[in-house]
Amino acid sequence: MKLSFRWYGESDPISLEYISQIPGMRSIVTAVYDVKPGQVWPEESLAALKKDCEDHGLIFDVVESIPVHEDIKLGRGNVEELLEVYCENIRRCAAYGVKCVTYNFMPVFDWTRTQLDKKAPDGSTSLVMYWDQMRGLDPLKDDIHLPGWDSSYTQDEVRELIGAYGELGEEGLWANLERFLKKVIPVAEECGVKMAIHPDDPPYPIFGLPRIITCETNLDRFLKLVDSPANCLCLCTGSLGCARSNDVTAMVRKYSAMGRIAFMHIRNVKIMEDGSFEERAHLSSCGSLDIYEIVRALVETGFDGYVRPDHGRMIWGETGKPGYGLYDRALGATYINGLFEACEKANK
Ligand code: DNO
C-alpha cells in the first residue's frame with residue numbers, strides 16, 4: 001500500500017514539513033481549490049503542487065477531488081462541454097504525475113453531519129450525525145446550513161436543486177453517472193489514471209435526495225457500468241460503515257480481490273442504537289468497524305493502492321478544519337502502518 005495524507009494546499013495550517021515527519025508517509029492527496037467546478041485547472045497550480053510536495057520528499061499523485069458539476073449529475077445544461085473540461089482536468093493532472101483521482105456523485109451535498117465538534121468524555125471532539133438533531137429539519141422550508149454543505153449555494157438554489165434531483169430520481173442519476181463514466185474512463189485509461197468514486201456519506205437518502213453509491217448491490221452495478229481497471233472505488237470505511245447493513249470487511253475483501261479499489265479512506269465510526277453515528281478514533285475497539293480485519297483483507301488480496309487515514313478527532317488542544325487536524329490523523333497513520341506491517345509479516 002501507498003500511505004498518503006490529505007493536504008489542503010498552501011492555506012492548510014498543517015505544513016508539508018509536518019506531514020513528511022509522519023513515519024512511512026509517501027503521497028500527498030490534494031486538489032486545486034481556487035477553481036470552480038466546471039473550469040479547467042491551471043497548469044501553474046498543478047506544477048506548484050508537484051514542486052511543493054517534491055521539495056518535502058513527498059509525491060503528489062492523488063487528487064481529491066475533481067468535483068463533478070451539478071449539471072453533469074443532473075444531465076442538464078451544457079453537459080458535453082462540462083465533460084470535456086473534466087477530461088481535460090484528468091489529462092492535466094496525469095501530466096503532473098497524478099495516478100488516482102477521487103470524486104463523488106452525491107447530489108448537492110458532500111458528506112452530512114449535524115455537529116462538527118461533539119465533545120467526548122475524554123475531551124476530544126469529533127464529527128457526528130444525530131437523528132434527533134436532523135429530525136424536523138426541512139431544507140425546502142427552513143433556512144438550514146448543515147456542516148459540510150456547500151455554502152456557495154443560496155437557500156433558493158438549494159431548493160431548486162433538491163426539486164430537480166427529486167424529479168430525476170435514482171434511475172436518472174444512474175443514467176447520468178453512466179454517461180459520465182463512458183466519457184471519462186477511456187481518457188483515464190489513456191493517461192494511466194485510476195478514477196475512484198467516493199461512496200455517499202452517509203450511504204442512505206438524506207431529505208429524499210437520491211443516493212446510489214451506498215451498498216454492495218449498487219457498487220456491483222457501478223463497477224459494471226464500465227468494466228475497466230480504471231473505473232475504481234475510493235472505499236471509505238467510515239462512509240459505508242455508518243449503515244449497519246454494510247459488511248465493510250467483506251466489501252473490502254471482494255473489491256480488493258477484483259483489483260477495483262484504487263484508494264482506501266480508513267477511519268472508524270460508532271453506530272448508535274437509533275442509527276445515528278459518531279466519528280471515533282481509528283482503533284478497532286473505539287468504534288463499530290474492525291480495522292484490523294479490514295487491513296488483513298487488503299493485505300491478503302495483495303492491495304497495492306493508496307491508503308489515507310481519514311477524519312481524525314481534535315485532540316491535544318488542536319484547532320482547525322474539523323476532521324483534518326494533524327494529531328489524530330497522524331496517530332491513525334501510525335496505527336494503519338502497524339496493522340499493515342503485522343498483517344504483511346503474518347502473510348509471508
Ligand atoms: C470527506 C471526504 C469527502 C471526499 C469527497 C470525494 O472528508 O472524504 O469530502 O473528499 O466526497 O469527492
# chains A, B, ... in the order shown; residues from 1 in each chain; ligands from 1
$ select_by_dssp --residues "range 8-125 of chain A" --states "strand (DSSP E or B)" --output "PyMOL selection string"
chain A and resi 27-30+59-64+100-104+115-119+125
$ residues_around --residues "range 126-143 of chain A" --least-positions-apart "5" --cutoff "8 Å" --atoms "only C-alpha atoms" --output "ChimeraX atom specification"
/A:112-120,155,158-159,162,207,274-280,312-314,322-323
$ residues_around --residues "range 89-92 of chain A" --least-positions-apart "5" --cutoff "10 Å" --atoms "only C-alpha atoms" --output "tab-separated table (two decimals) with N, CA and C atoms, in the first residue's frame"
chain	number	residue	atom	x	y	z
A	38	GLY	N	-16.29	22.70	-13.05
A	38	GLY	CA	-16.65	23.04	-14.43
A	38	GLY	C	-15.62	23.92	-15.11
A	39	GLN	N	-14.53	24.24	-14.39
A	39	GLN	CA	-13.47	25.03	-15.02
A	39	GLN	C	-12.17	24.24	-15.08
A	40	VAL	N	-11.33	24.66	-16.02
A	40	VAL	CA	-10.06	23.95	-16.22
A	40	VAL	C	-9.06	24.37	-15.14
A	41	TRP	N	-8.31	23.39	-14.64
A	41	TRP	CA	-7.30	23.69	-13.62
A	41	TRP	C	-6.04	24.25	-14.28
A	42	PRO	N	-5.56	25.40	-13.80
A	42	PRO	CA	-4.36	25.98	-14.41
A	42	PRO	C	-3.14	25.08	-14.22
A	43	GLU	N	-2.34	24.99	-15.27
A	43	GLU	CA	-1.13	24.15	-15.20
A	43	GLU	C	-0.19	24.65	-14.10
A	46	LEU	N	-1.00	23.18	-10.78
A	46	LEU	CA	-0.59	21.77	-10.66
A	46	LEU	C	0.93	21.66	-10.52
A	47	ALA	N	1.64	22.49	-11.29
A	47	ALA	CA	3.11	22.46	-11.22
A	47	ALA	C	3.57	22.86	-9.82
A	63	VAL	N	-5.37	12.96	-6.43
A	63	VAL	CA	-6.22	14.15	-6.38
A	63	VAL	C	-7.53	13.79	-5.68
A	66	ILE	N	-11.62	16.03	-8.12
A	66	ILE	CA	-12.07	16.90	-9.21
A	66	ILE	C	-13.59	16.86	-9.08
A	83	LEU	N	-18.20	17.87	-19.54
A	83	LEU	CA	-17.48	16.59	-19.57
A	83	LEU	C	-16.11	16.77	-20.24
A	84	GLU	N	-16.07	17.60	-21.27
A	84	GLU	CA	-14.78	17.90	-21.93
A	84	GLU	C	-13.80	18.50	-20.94
A	97	GLY	N	1.85	13.94	-12.89
A	97	GLY	CA	2.20	12.76	-12.09
A	97	GLY	C	1.07	12.10	-11.33
A	98	VAL	N	-0.15	12.61	-11.48
A	98	VAL	CA	-1.27	12.05	-10.71
A	98	VAL	C	-1.67	10.68	-11.25
A	99	LYS	N	-1.88	9.74	-10.34
A	99	LYS	CA	-2.23	8.36	-10.72
A	99	LYS	C	-3.65	7.99	-10.29
A	100	CYS	N	-4.23	8.80	-9.40
A	100	CYS	CA	-5.55	8.45	-8.87
A	100	CYS	C	-6.35	9.73	-8.66
A	101	VAL	N	-7.57	9.73	-9.16
A	101	VAL	CA	-8.45	10.90	-9.00
A	101	VAL	C	-9.73	10.46	-8.28
A	184	VAL	N	-15.41	9.62	-19.42
A	184	VAL	CA	-14.23	9.92	-18.62
A	184	VAL	C	-13.27	8.73	-18.50
A	185	ILE	N	-13.81	7.53	-18.37
A	185	ILE	CA	-12.93	6.37	-18.12
A	185	ILE	C	-11.96	6.11	-19.28
A	187	VAL	N	-10.55	8.21	-21.15
A	187	VAL	CA	-9.48	9.21	-21.03
A	187	VAL	C	-8.54	8.81	-19.88
A	188	ALA	N	-9.13	8.39	-18.77
A	188	ALA	CA	-8.31	7.96	-17.62
A	188	ALA	C	-7.43	6.77	-18.02
A	190	GLU	N	-6.31	6.04	-20.98
A	190	GLU	CA	-5.24	6.53	-21.86
A	190	GLU	C	-4.09	7.16	-21.09
A	191	CYS	N	-4.43	7.90	-20.02
A	191	CYS	CA	-3.33	8.59	-19.34
A	191	CYS	C	-2.91	7.92	-18.04
A	192	GLY	N	-3.30	6.68	-17.83
A	192	GLY	CA	-2.78	5.92	-16.69
A	192	GLY	C	-3.29	6.40	-15.34
A	193	VAL	N	-4.54	6.87	-15.32
A	193	VAL	CA	-5.13	7.35	-14.07
A	193	VAL	C	-6.26	6.40	-13.65
A	194	LYS	N	-6.35	6.13	-12.34
A	194	LYS	CA	-7.49	5.37	-11.84
A	194	LYS	C	-8.49	6.35	-11.25
A	195	MET	N	-9.74	6.26	-11.70
A	195	MET	CA	-10.81	7.10	-11.17
A	195	MET	C	-11.42	6.34	-9.98
$ residues_around --residues "Val79 in chain A" --least-positions-apart "3" --cutoff "10 Å" --atoms "only C-alpha atoms" --output "PyMOL selection string"
chain A and resi 38+69-76+82-85+176+179-180
$ residues_near_ligand --ligand "ligand 1" --cutoff "8 Å" --atoms "only C-alpha atoms and all ligand atoms" --output "VMD selection string"
chain A and resid 64 to 67 102 to 106 110 to 111 197 to 201 236 265 310 to 311 323 to 324
$ select_by_dssp --residues "range 60-248 of chain A" --states "alpha helix (DSSP H)" --output "CSV table (one decimal) with C-alpha atoms, in the first residue's frame"
chain,number,residue,atom,x,y,z
A,70,GLU,CA,-24.2,19.5,-10.6
A,71,ASP,CA,-25.3,19.9,-14.3
A,72,ILE,CA,-23.4,16.7,-15.1
A,73,LYS,CA,-25.1,14.9,-12.3
A,74,LEU,CA,-28.5,16.3,-13.3
A,79,VAL,CA,-23.1,18.6,-20.2
A,80,GLU,CA,-20.9,17.8,-23.2
A,81,GLU,CA,-18.8,20.9,-22.6
A,82,LEU,CA,-18.5,20.2,-18.8
A,83,LEU,CA,-17.5,16.6,-19.6
A,84,GLU,CA,-14.8,17.9,-21.9
A,85,VAL,CA,-13.4,20.1,-19.2
A,86,TYR,CA,-13.5,17.2,-16.8
A,87,CYS,CA,-11.5,15.1,-19.2
A,88,GLU,CA,-9.0,17.9,-19.8
A,89,ASN,CA,-8.5,18.1,-16.0
A,90,ILE,CA,-7.7,14.4,-15.8
A,91,ARG,CA,-5.2,14.8,-18.6
A,92,ARG,CA,-3.6,17.8,-16.9
A,93,CYS,CA,-3.4,16.0,-13.5
A,94,ALA,CA,-1.8,13.0,-15.2
A,95,ALA,CA,0.8,15.2,-16.9
A,131,TRP,CA,-31.0,11.8,14.1
A,132,ASP,CA,-32.6,13.8,16.9
A,133,GLN,CA,-30.7,16.9,15.5
A,134,MET,CA,-31.8,16.0,11.9
A,155,GLN,CA,-31.1,28.7,0.0
A,156,ASP,CA,-33.1,29.3,-3.2
A,157,GLU,CA,-30.5,27.5,-5.2
A,158,VAL,CA,-30.5,24.6,-2.8
A,159,ARG,CA,-34.3,24.4,-3.1
A,160,GLU,CA,-34.2,24.4,-6.8
A,161,LEU,CA,-31.5,21.7,-6.9
A,162,ILE,CA,-33.4,19.5,-4.4
A,163,GLY,CA,-36.5,19.8,-6.6
A,164,ALA,CA,-34.5,18.9,-9.8
A,165,TYR,CA,-33.0,15.8,-8.1
A,166,GLY,CA,-36.4,14.8,-6.9
A,167,GLU,CA,-37.6,14.7,-10.4
A,168,LEU,CA,-34.5,13.0,-11.7
A,169,GLY,CA,-34.8,10.1,-9.2
A,170,GLU,CA,-32.3,7.3,-8.6
A,171,GLU,CA,-32.6,5.8,-12.1
A,172,GLY,CA,-32.0,9.2,-13.7
A,173,LEU,CA,-28.9,9.7,-11.5
A,174,TRP,CA,-27.6,6.2,-12.6
A,175,ALA,CA,-28.1,7.2,-16.2
A,176,ASN,CA,-26.1,10.4,-15.8
A,177,LEU,CA,-23.4,8.6,-13.9
A,178,GLU,CA,-23.1,6.1,-16.8
A,179,ARG,CA,-22.8,8.9,-19.3
A,180,PHE,CA,-20.1,10.5,-17.2
A,181,LEU,CA,-18.1,7.2,-16.9
A,182,LYS,CA,-18.4,6.4,-20.6
A,183,LYS,CA,-16.8,9.7,-21.4
A,184,VAL,CA,-14.2,9.9,-18.6
A,185,ILE,CA,-12.9,6.4,-18.1
A,186,PRO,CA,-11.4,6.0,-21.6
A,187,VAL,CA,-9.5,9.2,-21.0
A,188,ALA,CA,-8.3,8.0,-17.6
A,189,GLU,CA,-7.2,4.7,-19.2
A,190,GLU,CA,-5.2,6.5,-21.9
A,216,GLU,CA,-22.7,-3.8,-2.3
A,217,THR,CA,-25.5,-4.3,-4.8
A,218,ASN,CA,-25.0,-0.7,-6.1
A,219,LEU,CA,-21.2,-0.9,-6.0
A,220,ASP,CA,-21.5,-4.1,-8.2
A,221,ARG,CA,-23.8,-2.2,-10.6
A,222,PHE,CA,-21.4,0.8,-10.6
A,223,LEU,CA,-18.4,-1.3,-11.5
A,224,LYS,CA,-20.2,-3.0,-14.3
A,225,LEU,CA,-21.3,0.3,-15.9
A,237,THR,CA,-14.8,2.6,5.6
A,238,GLY,CA,-16.4,5.3,7.7
A,239,SER,CA,-18.9,6.3,5.0
A,240,LEU,CA,-20.1,2.8,4.1
A,248,VAL,CA,-17.4,-3.3,5.2
$ atom_distance --atom1 "CA of Ile266 in chain A" --atom2 "CA of Pro309 in chain A"
5.1 Å
$ closest_residue --among "A:Val108, A:Asn268, A:Leu49, A:Gly77" --to "Thr154 in chain A" --atoms "only C-alpha atoms"
A:Val108
$ residues_around --residues "Gly24 in chain A" --least-positions-apart "5" --cutoff "9 Å" --atoms "only C-alpha atoms" --output "ChimeraX atom specification"
/A:2-4,333-334,337
$ atom_distance --atom1 "CA of Asp12 in chain A" --atom2 "CA of Gly123 in chain A"
24.1 Å
$ residues_around --residues "Gly259 in chain A" --least-positions-apart "2" --cutoff "9 Å" --atoms "only C-alpha atoms" --output "PyMOL selection string"
chain A and resi 229+232+254-257+261-262+301-303
$ residues_around --residues "range 5-11 of chain A" --least-positions-apart "3" --cutoff "7 Å" --atoms "only C-alpha atoms" --output "list in words"
Ser27, Ile28, Val29, Thr30, Arg308 and Pro309 of chain A
$ write_last_selection --atoms "C-alpha atoms" --output "JSON list (two decimals), in the first residue's frame"
[["chain", "number", "residue", "atom", "x", "y", "z"],
["A", 27, "SER", "CA", 1.97, 10.62, -1.05],
["A", 28, "ILE", "CA", 0.02, 13.84, -0.83],
["A", 29, "VAL", "CA", -3.68, 13.91, -1.60],
["A", 30, "THR", "CA", -4.77, 17.36, -2.68],
["A", 308, "ARG", "CA", -5.07, 7.50, 3.88],
["A", 309, "PRO", "CA", -6.07, 7.92, 7.48]]
$ atom_distance --atom1 "CA of Tyr18 in chain A" --atom2 "CA of His282 in chain A"
20.1 Å
$ closest_residue --among "A:Leu235, A:Ala297, A:Ile59, A:Leu326" --to "Asn347 in chain A" --atoms "only C-alpha atoms"
A:Ala297
